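Okay, final_0.pdb now, which holds PDB, C-alpha atoms:
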```pdb
ATOM      1  CA  MET A   1     177.324 115.832  46.889
ATOM      2  CA  SER A   2     180.176 114.944  49.156
ATOM      3  CA  GLN A   3     178.548 112.420  51.421
ATOM      4  CA  ASP A   4     176.470 109.562  50.235
ATOM      5  CA  VAL A   5     174.430 107.110  52.213
ATOM      6  CA  VAL A   6     175.149 106.326  55.823
ATOM      7  CA  GLU A   7     178.014 103.891  55.745
ATOM      8  CA  LEU A   8     177.370 100.615  57.484
ATOM      9  CA  GLU A   9     180.622  98.834  56.972
ATOM     10  CA  GLY A  10     180.552  95.239  55.902
ATOM     11  CA  LEU A  11     176.830  95.101  55.374
ATOM     12  CA  GLU A  12     175.215  94.072  52.115
ATOM     13  CA  PRO A  13     171.772  95.261  51.035
ATOM     14  CA  ASP A  14     169.091  93.216  52.781
ATOM     15  CA  ALA A  15     171.405  93.065  55.767
ATOM     16  CA  VAL A  16     168.770  94.011  58.264
ATOM     17  CA  GLU A  17     170.076  92.219  61.283
ATOM     18  CA  ASP A  18     170.924  92.959  64.879
ATOM     19  CA  GLU A  19     174.370  94.391  64.096
ATOM     20  CA  ALA A  20     173.018  96.778  61.464
ATOM     21  CA  LEU A  21     170.301  97.993  63.801
ATOM     22  CA  ALA A  22     172.868  98.469  66.568
ATOM     23  CA  GLN A  23     175.034 100.608  64.256
ATOM     24  CA  ILE A  24     172.091 102.784  63.263
ATOM     25  CA  VAL A  25     171.019 103.281  66.872
ATOM     26  CA  ASP A  26     174.624 104.013  67.892
ATOM     27  CA  GLN A  27     174.923 106.710  65.234
ATOM     28  CA  MET A  28     171.671 108.278  66.322
ATOM     29  CA  TRP A  29     172.662 108.165  69.979
ATOM     30  CA  GLU A  30     176.026 109.780  69.287
ATOM     31  CA  SER A  31     174.381 112.495  67.200
ATOM     32  CA  TYR A  32     171.562 113.486  69.522
ATOM     33  CA  PHE A  33     171.923 111.861  72.946
ATOM     34  CA  ALA A  34     175.675 111.889  73.545
ATOM     35  CA  ALA A  35     175.336 114.404  76.360
ATOM     36  CA  SER A  36     173.007 112.126  78.292
ATOM     37  CA  GLU A  37     173.682 108.959  80.252
ATOM     38  CA  PRO A  38     175.315 106.098  78.322
ATOM     39  CA  PHE A  39     173.141 103.734  76.367
ATOM     40  CA  LEU A  40     173.887 100.222  77.622
ATOM     41  CA  PRO A  41     172.999  97.404  75.207
ATOM     42  CA  SER A  42     171.636  94.266  76.832
ATOM     43  CA  PHE A  43     172.533  90.776  75.682
ATOM     44  CA  GLU A  44     169.157  89.561  76.932
ATOM     45  CA  PRO A  45     165.782  90.675  75.577
ATOM     46  CA  LEU A  46     164.230  93.181  77.961
ATOM     47  CA  GLU A  47     160.533  93.426  78.572
ATOM     48  CA  VAL A  48     159.106  96.936  78.519
ATOM     49  CA  THR A  49     155.997  96.815  80.659
ATOM     50  CA  GLY A  50     153.678  99.109  82.555
ATOM     51  CA  ASP A  51     152.963 102.591  81.260
ATOM     52  CA  VAL A  52     154.580 102.220  77.858
ATOM     53  CA  LEU A  53     154.968 104.377  74.750
ATOM     54  CA  CYS A  54     155.701 102.814  71.404
ATOM     55  CA  ALA A  55     156.678 104.794  68.310
ATOM     56  CA  SER A  56     156.473 102.947  65.015
ATOM     57  CA  VAL A  57     157.018 103.608  61.335
ATOM     58  CA  GLY A  58     155.999 101.375  58.476
ATOM     59  CA  ILE A  59     157.995 100.539  55.363
ATOM     60  CA  THR A  60     156.194  99.680  52.137
ATOM     61  CA  GLY A  61     157.580  97.815  49.156
ATOM     62  CA  ALA A  62     158.421  94.261  48.172
ATOM     63  CA  ARG A  63     159.136  93.403  51.793
ATOM     64  CA  PRO A  64     156.881  95.551  53.942
ATOM     65  CA  GLY A  65     158.245  96.224  57.369
ATOM     66  CA  LEU A  66     157.679  97.875  60.688
ATOM     67  CA  VAL A  67     160.181  99.553  62.992
ATOM     68  CA  THR A  68     159.203 100.016  66.628
ATOM     69  CA  VAL A  69     160.794 101.857  69.535
ATOM     70  CA  THR A  70     159.265 100.944  72.885
ATOM     71  CA  VAL A  71     160.039 102.697  76.149
ATOM     72  CA  PRO A  72     158.423 103.306  79.506
ATOM     73  CA  ARG A  73     156.607 106.656  79.405
ATOM     74  CA  ALA A  74     159.116 108.126  81.882
ATOM     75  CA  ALA A  75     161.982 107.218  79.565
ATOM     76  CA  GLY A  76     160.070 108.704  76.635
ATOM     77  CA  ARG A  77     159.819 112.000  78.504
ATOM     78  CA  SER A  78     163.534 111.911  79.288
ATOM     79  CA  LEU A  79     164.419 111.149  75.678
ATOM     80  CA  ALA A  80     162.288 114.069  74.518
ATOM     81  CA  ALA A  81     163.873 116.375  77.091
ATOM     82  CA  VAL A  82     167.363 115.495  75.842
ATOM     83  CA  LEU A  83     166.410 115.787  72.172
ATOM     84  CA  LEU A  84     164.709 119.145  72.734
ATOM     85  CA  SER A  85     167.331 120.331  75.238
ATOM     86  CA  GLU A  86     164.550 121.273  77.620
ATOM     87  CA  ASP A  87     164.494 120.581  81.325
ATOM     88  CA  GLY A  88     160.997 121.736  82.132
ATOM     89  CA  ASP A  89     157.697 119.934  81.792
ATOM     90  CA  LEU A  90     157.060 118.793  78.270
ATOM     91  CA  ASP A  91     153.681 118.446  76.647
ATOM     92  CA  ASP A  92     152.648 114.953  75.621
ATOM     93  CA  GLU A  93     152.779 116.209  72.031
ATOM     94  CA  ASP A  94     156.468 117.050  72.449
ATOM     95  CA  VAL A  95     157.164 113.599  73.853
ATOM     96  CA  TYR A  96     155.283 111.907  71.007
ATOM     97  CA  ASP A  97     157.013 114.095  68.442
ATOM     98  CA  ALA A  98     160.485 113.332  69.779
ATOM     99  CA  LEU A  99     159.886 109.607  70.122
ATOM    100  CA  GLY A 100     158.354 109.554  66.660
ATOM    101  CA  GLU A 101     161.441 111.227  65.237
ATOM    102  CA  VAL A 102     163.634 108.575  66.861
ATOM    103  CA  ALA A 103     161.560 105.867  65.127
ATOM    104  CA  ASN A 104     161.638 107.862  61.893
ATOM    105  CA  ILE A 105     165.431 108.129  61.885
ATOM    106  CA  ILE A 106     165.881 104.432  62.563
ATOM    107  CA  GLY A 107     163.180 103.506  60.063
ATOM    108  CA  GLY A 108     164.722 105.538  57.261
ATOM    109  CA  ASN A 109     168.131 103.998  57.723
ATOM    110  CA  VAL A 110     166.678 100.493  58.018
ATOM    111  CA  LYS A 111     164.710 101.076  54.816
ATOM    112  CA  ALA A 112     167.962 101.793  52.986
ATOM    113  CA  LEU A 113     169.017  98.214  53.743
ATOM    114  CA  VAL A 114     165.834  96.633  52.383
ATOM    115  CA  PRO A 115     165.892  95.865  48.636
ATOM    116  CA  ASP A 116     163.046  97.349  46.585
ATOM    117  CA  ALA A 117     161.739  99.251  49.562
ATOM    118  CA  GLY A 118     158.961 101.706  48.873
ATOM    119  CA  ALA A 119     157.972 104.555  51.117
ATOM    120  CA  LEU A 120     158.570 105.245  54.760
ATOM    121  CA  GLY A 121     155.384 105.986  56.654
ATOM    122  CA  LEU A 122     154.884 108.800  59.104
ATOM    123  CA  PRO A 123     155.545 107.923  62.755
ATOM    124  CA  ALA A 124     152.675 106.706  64.930
ATOM    125  CA  ILE A 125     152.572 106.601  68.730
ATOM    126  CA  ALA A 126     150.631 104.052  70.763
ATOM    127  CA  ALA A 127     150.492 102.621  74.257
ATOM    128  CA  ALA A 128     151.754  99.260  73.009
ATOM    129  CA  PRO A 129     153.690  97.947  70.008
ATOM    130  CA  PRO A 130     151.424  97.462  66.977
ATOM    131  CA  LEU A 131     151.020  93.971  65.607
ATOM    132  CA  PRO A 132     153.260  93.350  62.604
ATOM    133  CA  ARG A 133     151.808  91.981  59.376
ATOM    134  CA  THR A 134     151.057  88.286  59.238
ATOM    135  CA  GLY A 135     154.099  86.445  57.938
ATOM    136  CA  SER A 136     156.509  89.045  59.246
ATOM    137  CA  ARG A 137     159.600  88.002  61.088
ATOM    138  CA  CYS A 138     161.642  89.819  63.676
ATOM    139  CA  ALA A 139     164.620  90.714  61.463
ATOM    140  CA  ALA A 140     166.533  92.666  64.091
ATOM    141  CA  ARG A 141     166.216  93.595  67.711
ATOM    142  CA  LEU A 142     168.196  95.734  70.101
ATOM    143  CA  ASP A 143     167.433  95.997  73.797
ATOM    144  CA  ALA A 144     169.225  98.412  76.033
ATOM    145  CA  VAL A 145     169.092 100.198  79.343
ATOM    146  CA  TRP A 146     169.115 103.970  79.488
ATOM    147  CA  GLN A 147     168.726 105.952  82.707
ATOM    148  CA  GLY A 148     167.705 102.701  84.364
ATOM    149  CA  HIS A 149     164.864 102.149  81.881
ATOM    150  CA  PRO A 150     164.548  99.364  79.321
ATOM    151  CA  VAL A 151     164.473 100.558  75.715
ATOM    152  CA  SER A 152     163.586  98.177  72.901
ATOM    153  CA  PHE A 153     164.121  98.618  69.137
ATOM    154  CA  VAL A 154     162.579  96.008  66.839
ATOM    155  CA  VAL A 155     162.504  95.631  63.053
ATOM    156  CA  TRP A 156     159.846  93.390  61.510
ATOM    157  CA  LEU A 157     160.111  92.454  57.845
ATOM    158  CA  ALA A 158     157.841  90.408  55.624
ATOM    159  CA  GLY A 159     158.970  87.785  53.165
ATOM    160  CA  SER A 160     162.124  85.775  52.747
ATOM    161  CA  ALA A 161     165.515  86.859  53.932
ATOM    162  CA  ALA A 162     169.062  85.634  53.973
ATOM    163  CA  THR A 163     168.710  84.355  57.489
ATOM    164  CA  ALA A 164     166.170  82.021  58.958
ATOM    165  CA  PRO A 165     163.169  83.580  60.651
ATOM    166  CA  ALA A 166     163.867  84.260  64.272
ATOM    167  CA  THR A 167     160.324  84.996  65.315
ATOM    168  CA  GLU A 168     157.369  84.719  63.035
ATOM    169  CA  VAL A 169     153.770  85.754  63.604
TER     170      VAL A 169
ATOM    171  CA  MET B   1     172.029 134.912  56.394
ATOM    172  CA  LYS B   2     168.576 133.457  56.743
ATOM    173  CA  ALA B   3     167.449 129.832  56.689
ATOM    174  CA  LEU B   4     164.057 128.192  56.399
ATOM    175  CA  VAL B   5     163.891 124.911  58.331
ATOM    176  CA  VAL B   6     161.180 122.588  57.020
ATOM    177  CA  ASP B   7     160.445 119.484  59.081
ATOM    178  CA  ASP B   8     157.264 118.033  60.581
ATOM    179  CA  SER B   9     159.100 117.170  63.801
ATOM    180  CA  ARG B  10     159.362 120.060  66.237
ATOM    181  CA  ALA B  11     162.302 118.323  67.887
ATOM    182  CA  MET B  12     164.180 118.094  64.599
ATOM    183  CA  ARG B  13     163.325 121.695  63.694
ATOM    184  CA  LYS B  14     164.740 122.768  67.011
ATOM    185  CA  ILE B  15     167.950 120.773  66.493
ATOM    186  CA  ILE B  16     168.524 122.083  62.970
ATOM    187  CA  ALA B  17     167.507 125.666  63.704
ATOM    188  CA  GLY B  18     169.628 125.683  66.864
ATOM    189  CA  ALA B  19     172.679 124.485  64.960
ATOM    190  CA  LEU B  20     172.121 127.073  62.226
ATOM    191  CA  ARG B  21     171.678 129.909  64.725
ATOM    192  CA  LYS B  22     174.978 128.959  66.390
ATOM    193  CA  LEU B  23     176.572 129.368  62.975
ATOM    194  CA  GLY B  24     175.097 132.831  62.654
ATOM    195  CA  TYR B  25     171.883 132.205  60.753
ATOM    196  CA  GLU B  26     168.506 133.746  61.404
ATOM    197  CA  THR B  27     165.932 130.990  61.120
ATOM    198  CA  VAL B  28     162.279 130.587  60.337
ATOM    199  CA  GLU B  29     160.451 127.263  60.593
ATOM    200  CA  ALA B  30     157.729 125.419  58.713
ATOM    201  CA  ALA B  31     156.093 122.082  59.551
ATOM    202  CA  ASP B  32     155.472 120.902  55.974
ATOM    203  CA  GLY B  33     156.002 121.845  52.363
ATOM    204  CA  ALA B  34     152.811 123.867  52.063
ATOM    205  CA  GLU B  35     153.694 125.950  55.104
ATOM    206  CA  ALA B  36     157.164 126.444  53.684
ATOM    207  CA  LEU B  37     155.762 127.684  50.367
ATOM    208  CA  ALA B  38     153.657 130.181  52.303
ATOM    209  CA  VAL B  39     156.800 131.429  54.047
ATOM    210  CA  LEU B  40     158.503 131.907  50.687
ATOM    211  CA  GLN B  41     155.483 133.705  49.273
ATOM    212  CA  ALA B  42     155.420 136.060  52.254
ATOM    213  CA  GLY B  43     159.113 136.827  51.663
ATOM    214  CA  PRO B  44     161.863 137.836  51.906
ATOM    215  CA  LEU B  45     163.580 134.885  50.265
ATOM    216  CA  PRO B  46     165.925 133.052  52.649
ATOM    217  CA  ASP B  47     169.402 132.017  51.540
ATOM    218  CA  LEU B  48     168.919 128.387  52.506
ATOM    219  CA  ALA B  49     166.096 125.900  53.043
ATOM    220  CA  THR B  50     166.701 122.628  54.878
ATOM    221  CA  VAL B  51     163.954 120.246  53.857
ATOM    222  CA  ASP B  52     162.759 116.965  55.325
ATOM    223  CA  TRP B  53     161.382 114.389  52.884
ATOM    224  CA  ASN B  54     158.497 112.655  54.640
ATOM    225  CA  MET B  55     155.984 115.188  55.914
ATOM    226  CA  PRO B  56     152.198 115.355  56.002
ATOM    227  CA  VAL B  57     150.258 117.778  53.768
ATOM    228  CA  MET B  58     153.137 118.332  51.307
ATOM    229  CA  ASP B  59     156.299 116.249  51.287
ATOM    230  CA  GLY B  60     159.776 117.610  50.750
ATOM    231  CA  LEU B  61     160.221 116.351  47.196
ATOM    232  CA  THR B  62     156.994 118.048  46.092
ATOM    233  CA  PHE B  63     158.141 121.235  47.811
ATOM    234  CA  VAL B  64     161.487 121.157  46.005
ATOM    235  CA  THR B  65     159.757 120.553  42.678
ATOM    236  CA  GLN B  66     157.376 123.464  43.243
ATOM    237  CA  VAL B  67     160.160 125.796  44.327
ATOM    238  CA  ARG B  68     162.211 124.979  41.253
ATOM    239  CA  ALA B  69     159.186 125.633  39.045
ATOM    240  CA  ASN B  70     159.092 129.223  40.275
ATOM    241  CA  ARG B  71     161.870 131.453  38.913
ATOM    242  CA  GLU B  72     161.376 133.930  41.746
ATOM    243  CA  TYR B  73     162.910 131.350  44.072
ATOM    244  CA  ARG B  74     165.905 130.416  41.921
ATOM    245  CA  ALA B  75     168.353 132.004  44.378
ATOM    246  CA  LEU B  76     167.203 129.684  47.173
ATOM    247  CA  THR B  77     169.685 126.941  48.023
ATOM    248  CA  ILE B  78     168.002 123.724  49.141
ATOM    249  CA  MET B  79     169.522 121.042  51.342
ATOM    250  CA  MET B  80     167.495 117.913  51.971
ATOM    251  CA  VAL B  81     167.867 116.800  55.614
ATOM    252  CA  THR B  82     166.120 113.475  55.838
ATOM    253  CA  THR B  83     166.191 109.855  56.932
ATOM    254  CA  GLU B  84     165.742 108.724  53.325
ATOM    255  CA  ALA B  85     169.153 107.143  52.856
ATOM    256  CA  GLU B  86     168.905 105.160  49.607
ATOM    257  CA  HIS B  87     171.035 106.233  46.664
ATOM    258  CA  GLY B  88     167.966 106.375  44.426
ATOM    259  CA  GLN B  89     166.238 108.832  46.751
ATOM    260  CA  ILE B  90     169.309 111.060  46.840
ATOM    261  CA  VAL B  91     169.422 111.079  43.036
ATOM    262  CA  ARG B  92     165.701 111.936  42.874
ATOM    263  CA  ALA B  93     166.098 114.860  45.238
ATOM    264  CA  LEU B  94     169.111 116.264  43.415
ATOM    265  CA  ALA B  95     167.382 115.819  40.067
ATOM    266  CA  ALA B  96     164.373 117.716  41.416
ATOM    267  CA  GLY B  97     166.598 120.644  42.279
ATOM    268  CA  ALA B  98     168.058 120.133  45.742
ATOM    269  CA  HIS B  99     171.697 121.225  46.011
ATOM    270  CA  GLU B 100     172.829 119.027  48.874
ATOM    271  CA  TYR B 101     171.668 116.054  50.893
ATOM    272  CA  LEU B 102     172.258 115.328  54.572
ATOM    273  CA  ILE B 103     171.093 112.076  56.089
ATOM    274  CA  LYS B 104     169.700 111.871  59.609
ATOM    275  CA  PRO B 105     171.179 111.206  62.054
ATOM    276  CA  PHE B 106     173.736 113.934  61.455
ATOM    277  CA  THR B 107     176.228 115.787  63.577
ATOM    278  CA  VAL B 108     176.521 119.560  63.707
ATOM    279  CA  ASP B 109     179.970 119.147  62.148
ATOM    280  CA  ALA B 110     178.431 117.350  59.170
ATOM    281  CA  LEU B 111     175.873 120.148  58.743
ATOM    282  CA  GLU B 112     178.641 122.730  58.904
ATOM    283  CA  GLU B 113     180.686 120.809  56.337
ATOM    284  CA  LYS B 114     177.743 120.740  53.916
ATOM    285  CA  LEU B 115     177.176 124.470  54.347
ATOM    286  CA  GLY B 116     180.863 125.060  53.677
ATOM    287  CA  LEU B 117     180.639 123.096  50.444
ATOM    288  CA  LEU B 118     177.675 125.234  49.435
ATOM    289  CA  GLY B 119     179.523 128.427  50.289
ATOM    290  CA  LEU B 120     176.849 129.224  52.852
ATOM    291  CA  LEU B 121     178.851 129.401  56.058
ATOM    292  CA  PRO B 122     178.381 132.840  57.548
ATOM    293  CA  GLU B 123     181.605 134.763  58.126
ATOM    294  CA  GLY B 124     183.213 133.752  61.392
ATOM    295  CA  ALA B 125     181.107 130.605  61.713
ATOM    296  CA  GLY B 126     182.780 127.777  63.545
ATOM    297  CA  ALA B 127     185.496 130.077  64.874
TER     298      ALA B 127
END
```
How does this structure look as structure tokens?
Amino acid sequence: MSQDVVELEGLEPDAVEDEALAQIVDQMWESYFAASEPFLPSFEPLEVTGDVLCASVGITGARPGLVTVTVPRAAGRSLAAVLLSEDGDLDDEDVYDALGEVANIIGGNVKALVPDAGALGLPAIAAAPPLPRTGSRCAARLDAVWQGHPVSFVVWLAGSAATAPATEV
Amino acid sequence: MKALVVDDSRAMRKIIAGALRKLGYETVEAADGAEALAVLQAGPLPDLATVDWNMPVMDGLTFVTQVRANREYRALTIMMVTTEAEHGQIVRALAAGAHEYLIKPFTVDALEEKLGLLGLLPEGAGA
């Protein structure tokens, strides 16, 4: 073994916060989407409305969680085209697969920051973000614009955390 | 050299297989551990298997365990390529018989570096 876990400098375990999420997304973007248009983080929350696709993965364990990636369907198709390096028409299955893998990559790296985390679920795709568990809080959020489309990454975690709940349901 | 790419995501299989082919590998793909075992049973044995962890039907850790239980496959080098980034998961995979561990997201350079450490870079790769 020469390389251990993804290094997120300055972050302690249980450091699931906006900055950690931004670092994970940045790494993923550099690895797989660098050839595409820049990914422009937004300082304001962006609403993803209309014909929407949401990929989500669940995290089990002491603090169950949910990671969601929400994009307009058109942006989902573009993301899949870049990831698959294909310009032609993509099947819906290809789009769902690619978007699911994006959620999976973020979910796995988020899980590494959650103490006593259990398993990472398989990605699910829906036309809207799933409801997080009761008592969950929005632990981290990253909104951005890519190819003129809003893209939203959200991490929900149950239970207590080092920081005060930002949004609780 | 021949590699078996095991991942339930077609997009990820394409990324990994594409990177390996650029390095000179022939590749074959499987969408889960059970499919991958069938590929091994059909033969010939590849030099390398890249294995995702979380997959339906049969996960990567179960696949690694089953491969290591079969002496016919002892020459197969296994690299986990997964989003499972905790130290404990890495230890589990290595203890089960994986030789290397690459965390997603990864760059092609990182994949090449791992293959170099394993002595599995085809001649002329990266030139």
Exercise: B:Glu84 partners within 8 Å, all atoms listed in the file, chain neighbours under 6 positions left out, as a ChimeraX atom specification: /A:108-109,111-112 /B:53,90,103
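Proximity of B:Asn54, B:Gln41, B:Thr77, B:Thr65 to chain A, computed with only C-alpha atoms, is greatest for B:Asn54.
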Compile a residue-level contact table for chain B against chain A at a cut-off of 7 Å, reporting for every qualifying residue the shortest atom pair and its distance in Å to one decimal, with only C-alpha atoms counted, rows ordered by chain and ascending number, as CSV.
```
residue,atom,partner,partner_atom,distance
B:Ser9,CA,A:Asp97,CA,5.9
B:Arg10,CA,A:Asp97,CA,6.8
B:Ala11,CA,A:Leu84,CA,5.5
B:Lys14,CA,A:Leu84,CA,6.8
B:Asn54,CA,A:Leu122,CA,6.9
B:Thr83,CA,A:Gly108,CA,4.6
B:Glu84,CA,A:Gly108,CA,5.2
B:Ala85,CA,A:Val5,CA,5.3
B:Glu86,CA,A:Ala112,CA,4.9
B:His87,CA,A:Val5,CA,6.6
B:Glu100,CA,A:Met1,CA,5.9
B:Tyr101,CA,A:Met1,CA,6.9
B:Lys104,CA,A:Ile105,CA,6.1
B:Pro105,CA,A:Met28,CA,5.2
B:Phe106,CA,A:Ser31,CA,6.0
B:Thr107,CA,A:Ser31,CA,5.2
```
Please produce an output containing C-alpha atoms for each residue in the selection, written as a PDB file, in the frame of the given file.
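The resulting again.pdb:
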```
ATOM      1  CA  SER B   9     159.100 117.170  63.801  1.00  0.00           C
ATOM      2  CA  ARG B  10     159.362 120.060  66.237  1.00  0.00           C
ATOM      3  CA  ALA B  11     162.302 118.323  67.887  1.00  0.00           C
ATOM      4  CA  LYS B  14     164.740 122.768  67.011  1.00  0.00           C
ATOM      5  CA  ASN B  54     158.497 112.655  54.640  1.00  0.00           C
ATOM      6  CA  THR B  83     166.191 109.855  56.932  1.00  0.00           C
ATOM      7  CA  GLU B  84     165.742 108.724  53.325  1.00  0.00           C
ATOM      8  CA  ALA B  85     169.153 107.143  52.856  1.00  0.00           C
ATOM      9  CA  GLU B  86     168.905 105.160  49.607  1.00  0.00           C
ATOM     10  CA  HIS B  87     171.035 106.233  46.664  1.00  0.00           C
ATOM     11  CA  GLU B 100     172.829 119.027  48.874  1.00  0.00           C
ATOM     12  CA  TYR B 101     171.668 116.054  50.893  1.00  0.00           C
ATOM     13  CA  LYS B 104     169.700 111.871  59.609  1.00  0.00           C
ATOM     14  CA  PRO B 105     171.179 111.206  62.054  1.00  0.00           C
ATOM     15  CA  PHE B 106     173.736 113.934  61.455  1.00  0.00           C
ATOM     16  CA  THR B 107     176.228 115.787  63.577  1.00  0.00           C
TER      17      THR B 107
END
```
Report, in Å with one decimal, the straight-line distance from atom CA of B:Glu26 to atom CA of A:Arg77.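 Answer for the atom CA of B:Glu26 to atom CA of A:Arg77 separation: 29.0 Å.
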Applied to the shown file, which residues does the PyMOL selection byres ((chain A and resi 147-153) around 8) return, written as number ranges by chain? A: 37-38, 46-48, 67-72, 75, 141-146, 154-155
Separation of atom CA of B:Tyr25 from atom CA of B:Val5, in Å and rounded to one decimal: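 Computing the Euclidean distance for atom CA of B:Tyr25 and atom CA of B:Val5 yields 11.1 Å.
Those residues returned by the PyMOL selection byres ((chain A and resi 130) around 9) for this file are Cys54, Ser56, Leu66, Thr68, Ala126, Ala127, Ala128, Pro129, Leu131 and Pro132 of chain A.
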